[in-house]
Amino acid sequence: MSDIKNKGIRERISALMDGEVSEFEARRVLNEIGNDPELRRYWQRLQLSSTVLRNELVENNLKDISLSVQEELEGKK
């Protein structure tokens with residue numbers, strides 16, 4: 001993945017985590033995460049960081065929620 005594209009998708013993933021994207025953009029980002037193992041790992045690292053910053057138990061939050069979020073969005077169609 002090129003550095004420019006990589007930076008752009010990482011910014012969109014971060015915006016998704018912050019709830020700063022439209023439903024349409026959330027679907028696009030989750031689709032990209034689902035199709036790219038590197039992006040999936042990045043998503044998981046952000047989830048872990050978020051968990052630690054909220055002082056939550058890490059072992060309870062190691063699951064990848066991107067699929068759950070995508071399924072929820074699909075249910076809203």
# chains A, B, ... in the order shown; residues from 1 in each chain; ligands from 1
>>> residues_around(residues="stretch 6-17 of chain A", least_positions_apart="3", cutoff="12 Å", atoms="only C-alpha atoms", output="JSON, numbers by chain")
{"A": [1, 2, 3, 20, 21, 22, 23, 24, 25, 26, 27, 28, 29, 30, 31, 32, 33, 36, 38, 39, 40, 41, 42, 43, 44, 45, 46, 47, 48, 49, 50, 51, 65, 66, 69, 70]}
>>> decode(residues="stretch 5-28 of chain A", atoms="N, CA, C and O atoms", output="short mmCIF file (atom, residue, chain, number, x, y, z; two decimals), in the first residue's frame")
data_model
loop_
_atom_site.label_atom_id
_atom_site.label_comp_id
_atom_site.auth_asym_id
_atom_site.auth_seq_id
_atom_site.Cartn_x
_atom_site.Cartn_y
_atom_site.Cartn_z
N LYS A 5 -1.86 6.61 0.34
CA LYS A 5 -3.11 5.89 0.56
C LYS A 5 -3.16 5.36 1.99
O LYS A 5 -4.19 5.44 2.65
N ASN A 6 -2.03 4.83 2.46
CA ASN A 6 -1.95 4.29 3.80
C ASN A 6 -2.29 5.36 4.83
O ASN A 6 -3.07 5.13 5.75
N LYS A 7 -1.75 6.56 4.67
CA LYS A 7 -2.04 7.65 5.61
C LYS A 7 -3.51 8.02 5.56
O LYS A 7 -4.15 8.23 6.60
N GLY A 8 -4.07 8.09 4.35
CA GLY A 8 -5.47 8.45 4.21
C GLY A 8 -6.41 7.48 4.89
O GLY A 8 -7.33 7.88 5.61
N ILE A 9 -6.21 6.19 4.67
CA ILE A 9 -7.11 5.19 5.28
C ILE A 9 -6.91 5.16 6.79
O ILE A 9 -7.87 5.02 7.55
N ARG A 10 -5.69 5.34 7.24
CA ARG A 10 -5.46 5.37 8.70
C ARG A 10 -6.17 6.55 9.34
O ARG A 10 -6.72 6.43 10.44
N GLU A 11 -6.17 7.69 8.66
CA GLU A 11 -6.90 8.85 9.17
C GLU A 11 -8.40 8.57 9.21
O GLU A 11 -9.09 8.95 10.16
N ARG A 12 -8.91 7.88 8.19
CA ARG A 12 -10.34 7.56 8.16
C ARG A 12 -10.69 6.53 9.24
O ARG A 12 -11.78 6.58 9.83
N ILE A 13 -9.79 5.59 9.50
CA ILE A 13 -10.02 4.61 10.58
C ILE A 13 -10.07 5.34 11.92
O ILE A 13 -10.95 5.07 12.74
N SER A 14 -9.16 6.27 12.13
CA SER A 14 -9.15 7.04 13.36
C SER A 14 -10.44 7.85 13.50
O SER A 14 -11.04 7.90 14.58
N ALA A 15 -10.88 8.46 12.41
CA ALA A 15 -12.14 9.22 12.43
C ALA A 15 -13.33 8.30 12.74
O ALA A 15 -14.24 8.68 13.47
N LEU A 16 -13.30 7.08 12.20
CA LEU A 16 -14.35 6.11 12.49
C LEU A 16 -14.38 5.80 13.98
O LEU A 16 -15.44 5.78 14.61
N MET A 17 -13.22 5.60 14.56
CA MET A 17 -13.15 5.29 15.99
C MET A 17 -13.69 6.44 16.83
O MET A 17 -14.26 6.23 17.90
N ASP A 18 -13.50 7.67 16.33
CA ASP A 18 -13.96 8.85 17.05
C ASP A 18 -15.41 9.20 16.74
O ASP A 18 -15.93 10.19 17.25
N GLY A 19 -16.06 8.41 15.87
CA GLY A 19 -17.44 8.67 15.51
C GLY A 19 -17.61 9.89 14.62
O GLY A 19 -18.65 10.53 14.64
N GLU A 20 -16.59 10.19 13.84
CA GLU A 20 -16.59 11.40 13.02
C GLU A 20 -16.78 11.11 11.53
O GLU A 20 -16.35 11.90 10.70
N VAL A 21 -17.40 10.00 11.19
CA VAL A 21 -17.64 9.68 9.78
C VAL A 21 -19.13 9.40 9.58
O VAL A 21 -19.85 9.03 10.51
N SER A 22 -19.56 9.59 8.35
CA SER A 22 -20.95 9.27 8.01
C SER A 22 -21.12 7.75 7.98
O SER A 22 -20.14 7.00 7.96
N GLU A 23 -22.35 7.32 7.94
CA GLU A 23 -22.61 5.88 7.85
C GLU A 23 -22.01 5.31 6.57
O GLU A 23 -21.43 4.22 6.57
N PHE A 24 -22.14 6.06 5.47
CA PHE A 24 -21.57 5.62 4.19
C PHE A 24 -20.06 5.45 4.30
O PHE A 24 -19.51 4.43 3.88
N GLU A 25 -19.38 6.44 4.88
CA GLU A 25 -17.92 6.36 5.02
C GLU A 25 -17.54 5.23 5.98
O GLU A 25 -16.54 4.54 5.77
N ALA A 26 -18.33 5.02 7.02
CA ALA A 26 -18.05 3.92 7.96
C ALA A 26 -18.07 2.59 7.22
O ALA A 26 -17.19 1.74 7.43
N ARG A 27 -19.06 2.40 6.35
CA ARG A 27 -19.14 1.16 5.57
C ARG A 27 -17.90 0.98 4.70
O ARG A 27 -17.36 -0.11 4.59
N ARG A 28 -17.48 2.07 4.05
CA ARG A 28 -16.30 2.01 3.17
C ARG A 28 -15.05 1.64 3.96
O ARG A 28 -14.26 0.80 3.55
#
